[in-house]
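S.K.: Pasting coords_24.cif below, which is mmCIF, C-alpha atoms; chains and numbers go by the auth columns.
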data_coords
#
loop_
_atom_site.group_PDB
_atom_site.id
_atom_site.type_symbol
_atom_site.label_atom_id
_atom_site.label_comp_id
_atom_site.label_asym_id
_atom_site.label_seq_id
_atom_site.Cartn_x
_atom_site.Cartn_y
_atom_site.Cartn_z
_atom_site.B_iso_or_equiv
_atom_site.auth_seq_id
_atom_site.auth_asym_id
ATOM 1 C CA MET A 1 -13.226 -10.133 -1.844 0.00 1 M
ATOM 2 C CA THR A 2 -9.690 -10.547 -3.117 0.00 2 M
ATOM 3 C CA THR A 3 -8.594 -9.568 -6.575 0.00 3 M
ATOM 4 C CA ALA A 4 -6.123 -12.136 -7.814 0.00 4 M
ATOM 5 C CA PRO A 5 -2.531 -10.973 -8.147 0.00 5 M
ATOM 6 C CA ILE A 6 -1.716 -9.664 -11.589 0.00 6 M
ATOM 7 C CA GLY A 7 1.520 -11.353 -12.565 0.00 7 M
ATOM 8 C CA HIS A 8 4.698 -11.666 -10.550 0.00 8 M
ATOM 9 C CA ASP A 9 6.929 -9.539 -12.713 0.00 9 M
ATOM 10 C CA PRO A 10 9.266 -6.827 -11.436 0.00 10 M
ATOM 11 C CA PRO A 11 8.564 -3.159 -12.218 0.00 11 M
ATOM 12 C CA VAL A 12 8.326 -2.579 -15.953 0.00 12 M
ATOM 13 C CA LEU A 13 8.992 0.379 -18.200 0.00 13 M
ATOM 14 C CA ASN A 14 5.892 2.443 -18.728 0.00 14 M
ATOM 15 C CA GLY A 15 4.511 3.159 -22.163 0.00 15 M
ATOM 16 C CA SER A 16 5.480 6.844 -22.201 0.00 16 M
ATOM 17 C CA GLY A 17 8.924 6.197 -23.600 0.00 17 M
ATOM 18 C CA THR A 18 10.532 8.041 -20.687 0.00 18 M
ATOM 19 C CA GLY A 19 12.100 4.903 -19.263 0.00 19 M
ATOM 20 C CA ALA A 20 10.310 5.440 -15.951 0.00 20 M
ATOM 21 C CA LEU A 21 9.460 2.318 -13.979 0.00 21 M
ATOM 22 C CA THR A 22 5.902 1.339 -13.226 0.00 22 M
ATOM 23 C CA ARG A 23 5.614 0.640 -9.505 0.00 23 M
ATOM 24 C CA ARG A 24 3.398 -2.183 -8.300 0.00 24 M
ATOM 25 C CA VAL A 25 0.755 -1.340 -5.658 0.00 25 M
ATOM 26 C CA TYR A 26 -1.370 -3.596 -3.443 0.00 26 M
ATOM 27 C CA ILE A 27 -4.452 -1.999 -1.820 0.00 27 M
ATOM 28 C CA ALA A 28 -6.356 -3.306 1.227 0.00 28 M
ATOM 29 C CA ASP A 29 -9.370 -1.608 2.777 0.00 29 M
ATOM 30 C CA ASP A 30 -12.594 -3.103 4.103 0.00 30 M
ATOM 31 C CA HIS A 31 -14.674 -0.303 2.566 0.00 31 M
ATOM 32 C CA GLU A 32 -15.163 -1.415 -1.050 0.00 32 M
ATOM 33 C CA GLY A 33 -16.059 2.064 -2.288 0.00 33 M
ATOM 34 C CA TYR A 34 -12.923 3.648 -0.850 0.00 34 M
ATOM 35 C CA ARG A 35 -10.723 0.754 -2.031 0.00 35 M
ATOM 36 C CA SER A 36 -12.072 0.903 -5.590 0.00 36 M
ATOM 37 C CA GLY A 37 -11.647 4.687 -5.651 0.00 37 M
ATOM 38 C CA VAL A 38 -8.003 4.403 -4.647 0.00 38 M
ATOM 39 C CA ALA A 39 -7.538 1.604 -7.189 0.00 39 M
ATOM 40 C CA ARG A 40 -8.877 3.925 -9.933 0.00 40 M
ATOM 41 C CA LEU A 41 -6.543 6.694 -8.753 0.00 41 M
ATOM 42 C CA VAL A 42 -3.558 4.336 -8.906 0.00 42 M
ATOM 43 C CA ALA A 43 -4.588 2.934 -12.300 0.00 43 M
ATOM 44 C CA GLU A 44 -4.732 6.458 -13.746 0.00 44 M
ATOM 45 C CA HIS A 45 -1.218 7.323 -12.546 0.00 45 M
ATOM 46 C CA PRO A 46 1.403 6.707 -15.268 0.00 46 M
ATOM 47 C CA ALA A 47 4.004 5.327 -12.839 0.00 47 M
ATOM 48 C CA LEU A 48 1.734 3.112 -10.689 0.00 48 M
ATOM 49 C CA GLU A 49 -0.255 -0.066 -11.296 0.00 49 M
ATOM 50 C CA VAL A 50 -2.575 -2.087 -9.069 0.00 50 M
ATOM 51 C CA VAL A 51 -1.411 -5.690 -8.722 0.00 51 M
ATOM 52 C CA GLY A 52 -3.920 -6.841 -6.115 0.00 52 M
ATOM 53 C CA GLN A 53 -6.594 -5.863 -3.632 0.00 53 M
ATOM 54 C CA GLY A 54 -7.997 -7.202 -0.376 0.00 54 M
ATOM 55 C CA SER A 55 -10.830 -6.376 2.002 0.00 55 M
ATOM 56 C CA ASP A 56 -9.388 -7.598 5.305 0.00 56 M
ATOM 57 C CA GLY A 57 -6.081 -8.254 7.015 0.00 57 M
ATOM 58 C CA GLU A 58 -5.858 -11.949 6.142 0.00 58 M
ATOM 59 C CA GLU A 59 -6.418 -11.212 2.440 0.00 59 M
ATOM 60 C CA ALA A 60 -3.891 -8.380 2.616 0.00 60 M
ATOM 61 C CA LEU A 61 -1.218 -10.571 4.179 0.00 61 M
ATOM 62 C CA ALA A 62 -1.717 -13.390 1.664 0.00 62 M
ATOM 63 C CA GLY A 63 -2.044 -10.994 -1.285 0.00 63 M
ATOM 64 C CA ILE A 64 1.102 -9.048 -0.465 0.00 64 M
ATOM 65 C CA ILE A 65 3.111 -12.237 -0.085 0.00 65 M
ATOM 66 C CA ALA A 66 1.725 -13.554 -3.401 0.00 66 M
ATOM 67 C CA CYS A 67 2.125 -10.286 -5.353 0.00 67 M
ATOM 68 C CA GLN A 68 5.382 -8.971 -3.864 0.00 68 M
ATOM 69 C CA PRO A 69 4.421 -5.356 -4.708 0.00 69 M
ATOM 70 C CA ASP A 70 6.730 -2.375 -4.389 0.00 70 M
ATOM 71 C CA VAL A 71 4.282 -0.676 -2.019 0.00 71 M
ATOM 72 C CA ALA A 72 1.095 -1.615 -0.178 0.00 72 M
ATOM 73 C CA LEU A 73 -1.585 0.792 1.008 0.00 73 M
ATOM 74 C CA LEU A 74 -3.305 -0.757 4.037 0.00 74 M
ATOM 75 C CA ASP A 75 -6.234 0.508 6.056 0.00 75 M
ATOM 76 C CA VAL A 76 -5.319 0.500 9.739 0.00 76 M
ATOM 77 C CA ARG A 77 -8.730 -0.769 10.873 0.00 77 M
ATOM 78 C CA MET A 78 -9.794 -3.858 8.934 0.00 78 M
ATOM 79 C CA PRO A 79 -11.626 -7.016 10.043 0.00 79 M
ATOM 80 C CA GLY A 80 -9.416 -9.727 11.461 0.00 80 M
ATOM 81 C CA ILE A 81 -5.798 -8.638 11.364 0.00 81 M
ATOM 82 C CA ASN A 82 -5.460 -4.848 11.344 0.00 82 M
ATOM 83 C CA GLY A 83 -3.092 -3.025 8.978 0.00 83 M
ATOM 84 C CA ILE A 84 -0.470 -2.418 11.661 0.00 84 M
ATOM 85 C CA GLU A 85 -0.372 -6.133 12.499 0.00 85 M
ATOM 86 C CA VAL A 86 -0.103 -7.046 8.783 0.00 86 M
ATOM 87 C CA CYS A 87 2.863 -4.664 8.542 0.00 87 M
ATOM 88 C CA ARG A 88 4.465 -6.116 11.698 0.00 88 M
ATOM 89 C CA ARG A 89 4.081 -9.718 10.473 0.00 89 M
ATOM 90 C CA LEU A 90 5.556 -8.926 7.058 0.00 90 M
ATOM 91 C CA GLN A 91 8.561 -7.299 8.765 0.00 91 M
ATOM 92 C CA GLN A 92 9.061 -10.150 11.264 0.00 92 M
ATOM 93 C CA GLU A 93 8.589 -12.981 8.780 0.00 93 M
ATOM 94 C CA GLY A 94 10.531 -11.371 5.949 0.00 94 M
ATOM 95 C CA SER A 95 7.949 -12.810 3.548 0.00 95 M
ATOM 96 C CA ALA A 96 7.801 -9.636 1.431 0.00 96 M
ATOM 97 C CA PRO A 97 11.214 -8.092 2.080 0.00 97 M
ATOM 98 C CA ASN A 98 11.029 -5.296 -0.503 0.00 98 M
ATOM 99 C CA VAL A 99 7.484 -4.041 0.076 0.00 99 M
ATOM 100 C CA ARG A 100 7.067 -0.642 1.708 0.00 100 M
ATOM 101 C CA ILE A 101 3.892 -0.194 3.704 0.00 101 M
ATOM 102 C CA VAL A 102 1.826 2.989 3.720 0.00 102 M
ATOM 103 C CA LEU A 103 -0.998 2.890 6.249 0.00 103 M
ATOM 104 C CA ILE A 104 -4.202 4.881 5.900 0.00 104 M
ATOM 105 C CA THR A 105 -6.813 5.667 8.536 0.00 105 M
ATOM 106 C CA GLY A 106 -9.906 7.719 9.099 0.00 106 M
ATOM 107 C CA THR A 107 -8.668 8.728 12.543 0.00 107 M
ATOM 108 C CA PRO A 108 -4.940 9.552 12.616 0.00 108 M
ATOM 109 C CA ASP A 109 -3.473 10.272 16.050 0.00 109 M
ATOM 110 C CA PRO A 110 -0.003 10.339 17.684 0.00 110 M
ATOM 111 C CA VAL A 111 -0.383 6.899 19.308 0.00 111 M
ATOM 112 C CA LEU A 112 -1.330 5.355 15.970 0.00 112 M
ATOM 113 C CA SER A 113 1.638 7.082 14.313 0.00 113 M
ATOM 114 C CA THR A 114 3.998 5.607 16.900 0.00 114 M
ATOM 115 C CA GLN A 115 2.511 2.118 16.482 0.00 115 M
ATOM 116 C CA ALA A 116 2.701 2.346 12.677 0.00 116 M
ATOM 117 C CA ALA A 117 6.341 3.448 12.716 0.00 117 M
ATOM 118 C CA ALA A 118 7.259 0.702 15.193 0.00 118 M
ATOM 119 C CA ALA A 119 5.623 -1.896 12.915 0.00 119 M
ATOM 120 C CA GLY A 120 7.773 -0.756 9.979 0.00 120 M
ATOM 121 C CA ALA A 121 5.373 1.445 8.001 0.00 121 M
ATOM 122 C CA VAL A 122 6.949 4.295 6.022 0.00 122 M
ATOM 123 C CA ALA A 123 3.932 6.613 6.179 0.00 123 M
ATOM 124 C CA LEU A 124 0.543 7.098 7.798 0.00 124 M
ATOM 125 C CA LEU A 125 -2.079 8.982 5.801 0.00 125 M
ATOM 126 C CA GLY A 126 -5.530 10.169 6.752 0.00 126 M
ATOM 127 C CA LYS A 127 -8.370 9.058 4.498 0.00 127 M
ATOM 128 C CA GLU A 128 -9.085 12.734 3.868 0.00 128 M
ATOM 129 C CA THR A 129 -5.661 13.110 2.205 0.00 129 M
ATOM 130 C CA PRO A 130 -6.106 14.568 -1.300 0.00 130 M
ATOM 131 C CA PRO A 131 -5.911 11.954 -4.083 0.00 131 M
ATOM 132 C CA ASN A 132 -2.818 13.473 -5.713 0.00 132 M
ATOM 133 C CA THR A 133 -1.020 13.375 -2.365 0.00 133 M
ATOM 134 C CA ILE A 134 -1.935 9.706 -1.884 0.00 134 M
ATOM 135 C CA ALA A 135 -0.521 8.885 -5.333 0.00 135 M
ATOM 136 C CA ALA A 136 2.627 10.942 -4.643 0.00 136 M
ATOM 137 C CA GLN A 137 3.145 9.204 -1.277 0.00 137 M
ATOM 138 C CA LEU A 138 2.719 5.748 -2.841 0.00 138 M
ATOM 139 C CA LEU A 139 5.210 6.544 -5.581 0.00 139 M
ATOM 140 C CA ALA A 140 7.691 8.053 -3.114 0.00 140 M
ATOM 141 C CA ALA A 141 7.378 5.024 -0.838 0.00 141 M
ATOM 142 C CA ALA A 142 7.794 2.573 -3.740 0.00 142 M
ATOM 143 C CA GLU A 143 10.944 4.396 -4.801 0.00 143 M
ATOM 144 C CA GLY A 144 12.351 4.513 -1.274 0.00 144 M
ATOM 145 C CA ARG A 145 12.053 8.293 -1.011 0.00 145 M
ATOM 146 C CA VAL A 146 9.935 8.294 2.166 0.00 146 M
ATOM 147 C CA GLY A 147 11.483 7.859 5.584 0.00 147 M
ATOM 148 C CA TRP A 148 8.417 8.639 7.702 0.00 148 M
ATOM 149 C CA SER A 149 5.486 10.830 6.877 0.00 149 M
ATOM 150 C CA VAL A 150 2.191 11.682 8.525 0.00 150 M
ATOM 151 C CA GLU A 151 -0.327 13.432 6.257 0.00 151 M
#
Show me this structure written as structure tokens.
M.R.:
Amino acid sequence: MTTAPIGHDPPVLNGSGTGALTRRVYIADDHEGYRSGVARLVAEHPALEVVGQGSDGEEALAGIIACQPDVALLDVRMPGINGIEVCRRLQQEGSAPNVRIVLITGTPDPVLSTQAAAAGAVALLGKETPPNTIAAQLLAAAEGRVGWSVE
């Protein structure tokens, strides 16, 4: 199930009066419970907002192109196109040139890390990563402060 993109606007000032930008996040994971949990985490963060969600690689690819988020959190293993392939296609096609991809997996390993980096991802997180760390990694990626990270 895809959640329709929420607007096509660039980052906006948040309501705190600090002048901080709200960074736009797209989330794709085939496990609805995990995806909705991450979406709640992002929605509660003052500098992040969910602009779309998808449950498989095809939805992720189309949703990211439609939403043009600052950062996308993609499960590595999804039905159809996996997260690494979504990342690779976005890089090759240039269809979302400013999005930074953070991949997440239940089974991180060195081979997966190498594949993710080669596809253009800026980080690979394990699904057991603490929620605050996931939010911090998404914000850092959206702001261009992550080169490569494995959590």
S.K.: Between atom CA of M:Val146 and atom CA of M:Gly63, measure the distance and give it in Å to one decimal.
M.R.: 23.0 Å
S.K.: I'd like the box whose edges run along x, y and z of the file and which contains every listed atom of stretch 44-55 of chain M, padded by 5 Å per side; could you state its centre and edge lengths in Å, one decimal, as lines of an AutoDock Vina configuration file?
M.R.:
center_x = -3.4
center_y = 0.1
center_z = -6.6
size_x = 24.8
size_y = 24.5
size_z = 27.3
S.K.: Given the choices M:Met78, M:Cys67, M:Leu73, M:Ala117, which gets closest to M:Leu103 if the distance is worked out from only C-alpha atoms?
M.R.: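 Smallest distance to M:Leu103 is found for M:Leu73.
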S.K.: Which of these, M:Val50, M:Gly106, M:Arg89, M:Glu143, has the shortest distance to M:Glu128 once you count all atoms listed in the file?
M.R.: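 Once distances to M:Glu128 are computed over all atoms listed in the file, the minimum belongs to M:Gly106.
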S.K.: Calculated over all atoms listed in the file, which of the candidates M:Ser95, M:Gln53, M:Ser36, M:Gln137 has the smallest distance to M:Leu125?
M.R.: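 For M:Leu125, the nearest of the given residues is M:Gln137.
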S.K.: When the PyMOL selection byres ((chain M and resi 27) around 12) is applied to the file above, which residues end up in the set, as a PyMOL selection string?
M.R.: chain M and resi 1-5+24-26+28-32+34-43+48-57+59-61+63-64+67+69-76+83+101-104+134+138
S.K.: Which value, in Å to one decimal, gives the distance between atom CA of M:Ala62 and atom CA of M:Ala141?
M.R.: 20.7 Å
S.K.: In Å, rounded to a single decimal, give me how far atom CA of M:Arg145 is from atom CA of M:Ala123.
M.R.: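 Answer for the atom CA of M:Ala123 to atom CA of M:Arg145 separation: 11.0 Å.
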S.K.: Select, from M:Gln92, M:Gln68, M:Thr129, M:Thr22, the residue with the minimum atom-to-atom distance to M:Thr107, counting only C-alpha atoms.
M.R.: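 Comparing M:Gln92, M:Gln68, M:Thr129, M:Thr22 against M:Thr107, the winner is M:Thr129.
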S.K.: Which is closer to M:Ala116 than all the others in M:Cys87, M:Asn98, M:Leu139, M:Asn132, using all atoms listed in the file?
M.R.: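 Ranked by minimum distance to M:Ala116, first place goes to M:Cys87.
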S.K.: For this structure, which residues satisfy the selection - the PyMOL selection byres ((chain M and resi 47) around 7) - when it is evaluated on the file as given? I want them as an mmCIF file with C-alpha atoms, in the coordinates of the input.
M.R.:
data_model
loop_
_atom_site.group_PDB
_atom_site.id
_atom_site.type_symbol
_atom_site.label_atom_id
_atom_site.label_comp_id
_atom_site.auth_asym_id
_atom_site.auth_seq_id
_atom_site.Cartn_x
_atom_site.Cartn_y
_atom_site.Cartn_z
ATOM 1 C CA ASN M 14 5.892 2.443 -18.728
ATOM 2 C CA LEU M 21 9.460 2.318 -13.979
ATOM 3 C CA THR M 22 5.902 1.339 -13.226
ATOM 4 C CA ARG M 23 5.614 0.640 -9.505
ATOM 5 C CA HIS M 45 -1.218 7.323 -12.546
ATOM 6 C CA PRO M 46 1.403 6.707 -15.268
ATOM 7 C CA LEU M 48 1.734 3.112 -10.689
#
S.K.: Hey, which of M:Gly144, M:Pro97, M:Gly33, M:Gly126 ends up closest to M:Ile65? Count all atoms listed in the file.
M.R.: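 When distances to M:Ile65 are compared using all atoms listed in the file, the smallest one comes from M:Pro97.
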S.K.: Evaluating the PyMOL selection byres ((chain M and resi 115) around 12) on the displayed file yields which residues, as a PyMOL selection string?
M.R.: chain M and resi 76+82-85+87-88+103+108-114+116-124
S.K.: Selection from above, C-alpha atoms, as a compact mmCIF listing (two decimals), keeping the file's coordinate frame, can you write it?
M.R.:
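Once everything was written out, this is part-v3.txt:
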# COMPACT_ATOMS: atom_id res chain seq x y z
CA VAL M 76 -5.32 0.50 9.74
CA ASN M 82 -5.46 -4.85 11.34
CA GLY M 83 -3.09 -3.02 8.98
CA ILE M 84 -0.47 -2.42 11.66
CA GLU M 85 -0.37 -6.13 12.50
CA CYS M 87 2.86 -4.66 8.54
CA ARG M 88 4.46 -6.12 11.70
CA LEU M 103 -1.00 2.89 6.25
CA PRO M 108 -4.94 9.55 12.62
CA ASP M 109 -3.47 10.27 16.05
CA PRO M 110 0.00 10.34 17.68
CA VAL M 111 -0.38 6.90 19.31
CA LEU M 112 -1.33 5.36 15.97
CA SER M 113 1.64 7.08 14.31
CA THR M 114 4.00 5.61 16.90
CA ALA M 116 2.70 2.35 12.68
CA ALA M 117 6.34 3.45 12.72
CA ALA M 118 7.26 0.70 15.19
CA ALA M 119 5.62 -1.90 12.92
CA GLY M 120 7.77 -0.76 9.98
CA ALA M 121 5.37 1.44 8.00
CA VAL M 122 6.95 4.30 6.02
CA ALA M 123 3.93 6.61 6.18
CA LEU M 124 0.54 7.10 7.80
S.K.: For stretch 55-86 of chain M, where the input has fewer atoms than it should, I would like N, CA and C atoms rebuilt and written as an mmCIF file, keeping the file's coordinate frame.
M.R.:
data_model
loop_
_atom_site.group_PDB
_atom_site.id
_atom_site.type_symbol
_atom_site.label_atom_id
_atom_site.label_comp_id
_atom_site.auth_asym_id
_atom_site.auth_seq_id
_atom_site.Cartn_x
_atom_site.Cartn_y
_atom_site.Cartn_z
ATOM 1 N N SER M 55 -9.842 -7.072 1.184
ATOM 2 C CA SER M 55 -10.830 -6.376 2.002
ATOM 3 C C SER M 55 -10.657 -6.610 3.497
ATOM 4 N N ASP M 56 -9.670 -7.413 3.881
ATOM 5 C CA ASP M 56 -9.388 -7.598 5.305
ATOM 6 C C ASP M 56 -7.904 -7.934 5.478
ATOM 7 N N GLY M 57 -7.493 -8.041 6.731
ATOM 8 C CA GLY M 57 -6.081 -8.254 7.015
ATOM 9 C C GLY M 57 -5.531 -9.574 6.510
ATOM 10 N N GLU M 58 -6.316 -10.635 6.619
ATOM 11 C CA GLU M 58 -5.858 -11.949 6.142
ATOM 12 C C GLU M 58 -5.625 -11.908 4.626
ATOM 13 N N GLU M 59 -6.578 -11.336 3.895
ATOM 14 C CA GLU M 59 -6.418 -11.212 2.440
ATOM 15 C C GLU M 59 -5.219 -10.344 2.093
ATOM 16 N N ALA M 60 -5.031 -9.274 2.865
ATOM 17 C CA ALA M 60 -3.891 -8.380 2.616
ATOM 18 C C ALA M 60 -2.577 -9.123 2.809
ATOM 19 N N LEU M 61 -2.451 -9.841 3.900
ATOM 20 C CA LEU M 61 -1.218 -10.571 4.179
ATOM 21 C C LEU M 61 -0.915 -11.584 3.073
ATOM 22 N N ALA M 62 -1.913 -12.387 2.720
ATOM 23 C CA ALA M 62 -1.717 -13.390 1.664
ATOM 24 C C ALA M 62 -1.460 -12.730 0.311
ATOM 25 N N GLY M 63 -2.197 -11.664 0.002
ATOM 26 C CA GLY M 63 -2.044 -10.994 -1.285
ATOM 27 C C GLY M 63 -0.696 -10.331 -1.451
ATOM 28 N N ILE M 64 -0.208 -9.701 -0.397
ATOM 29 C CA ILE M 64 1.102 -9.048 -0.465
ATOM 30 C C ILE M 64 2.202 -10.078 -0.652
ATOM 31 N N ILE M 65 2.102 -11.177 0.066
ATOM 32 C CA ILE M 65 3.111 -12.237 -0.085
ATOM 33 C C ILE M 65 3.069 -12.802 -1.512
ATOM 34 N N ALA M 66 1.862 -13.000 -2.053
ATOM 35 C CA ALA M 66 1.725 -13.554 -3.401
ATOM 36 C C ALA M 66 2.188 -12.572 -4.477
ATOM 37 N N CYS M 67 1.841 -11.290 -4.323
ATOM 38 C CA CYS M 67 2.125 -10.286 -5.353
ATOM 39 C C CYS M 67 3.528 -9.704 -5.283
ATOM 40 N N GLN M 68 4.089 -9.627 -4.070
ATOM 41 C CA GLN M 68 5.382 -8.971 -3.864
ATOM 42 C C GLN M 68 5.408 -7.579 -4.499
ATOM 43 N N PRO M 69 4.465 -6.694 -4.114
ATOM 44 C CA PRO M 69 4.421 -5.356 -4.708
ATOM 45 C C PRO M 69 5.578 -4.489 -4.220
ATOM 46 N N ASP M 70 5.746 -3.347 -4.857
ATOM 47 C CA ASP M 70 6.730 -2.375 -4.389
ATOM 48 C C ASP M 70 6.216 -1.653 -3.158
ATOM 49 N N VAL M 71 4.904 -1.406 -3.122
ATOM 50 C CA VAL M 71 4.282 -0.676 -2.019
ATOM 51 C C VAL M 71 2.879 -1.223 -1.792
ATOM 52 N N ALA M 72 2.457 -1.213 -0.520
ATOM 53 C CA ALA M 72 1.095 -1.615 -0.178
ATOM 54 C C ALA M 72 0.443 -0.499 0.624
ATOM 55 N N LEU M 73 -0.784 -0.178 0.277
ATOM 56 C CA LEU M 73 -1.585 0.792 1.008
ATOM 57 C C LEU M 73 -2.594 0.001 1.819
ATOM 58 N N LEU M 74 -2.463 0.047 3.154
ATOM 59 C CA LEU M 74 -3.305 -0.757 4.037
ATOM 60 C C LEU M 74 -4.107 0.130 4.971
ATOM 61 N N ASP M 75 -5.407 -0.148 5.057
ATOM 62 C CA ASP M 75 -6.234 0.508 6.056
ATOM 63 C C ASP M 75 -5.786 0.005 7.425
ATOM 64 N N VAL M 76 -5.713 0.907 8.389
ATOM 65 C CA VAL M 76 -5.319 0.500 9.739
ATOM 66 C C VAL M 76 -6.388 -0.402 10.340
ATOM 67 N N ARG M 77 -7.642 -0.029 10.226
ATOM 68 C CA ARG M 77 -8.730 -0.769 10.873
ATOM 69 C C ARG M 77 -9.483 -1.606 9.845
ATOM 70 N N MET M 78 -9.116 -2.906 9.808
ATOM 71 C CA MET M 78 -9.794 -3.858 8.934
ATOM 72 C C MET M 78 -10.235 -5.042 9.784
ATOM 73 N N PRO M 79 -11.216 -5.812 9.310
ATOM 74 C CA PRO M 79 -11.626 -7.016 10.043
ATOM 75 C C PRO M 79 -10.471 -8.007 10.161
ATOM 76 N N GLY M 80 -10.476 -8.741 11.245
ATOM 77 C CA GLY M 80 -9.416 -9.727 11.461
ATOM 78 C C GLY M 80 -8.127 -9.033 11.857
ATOM 79 N N ILE M 81 -7.102 -9.247 11.100
ATOM 80 C CA ILE M 81 -5.798 -8.638 11.364
ATOM 81 C C ILE M 81 -5.841 -7.186 10.903
ATOM 82 N N ASN M 82 -5.464 -6.244 11.775
ATOM 83 C CA ASN M 82 -5.460 -4.848 11.344
ATOM 84 C C ASN M 82 -4.214 -4.549 10.517
ATOM 85 N N GLY M 83 -4.195 -3.392 9.864
ATOM 86 C CA GLY M 83 -3.092 -3.025 8.978
ATOM 87 C C GLY M 83 -1.747 -2.956 9.670
ATOM 88 N N ILE M 84 -1.736 -2.486 10.917
ATOM 89 C CA ILE M 84 -0.470 -2.418 11.661
ATOM 90 C C ILE M 84 0.074 -3.822 11.912
ATOM 91 N N GLU M 85 -0.807 -4.755 12.261
ATOM 92 C CA GLU M 85 -0.372 -6.133 12.499
ATOM 93 C C GLU M 85 0.099 -6.798 11.203
ATOM 94 N N VAL M 86 -0.569 -6.528 10.081
ATOM 95 C CA VAL M 86 -0.103 -7.046 8.783
ATOM 96 C C VAL M 86 1.321 -6.548 8.532
#
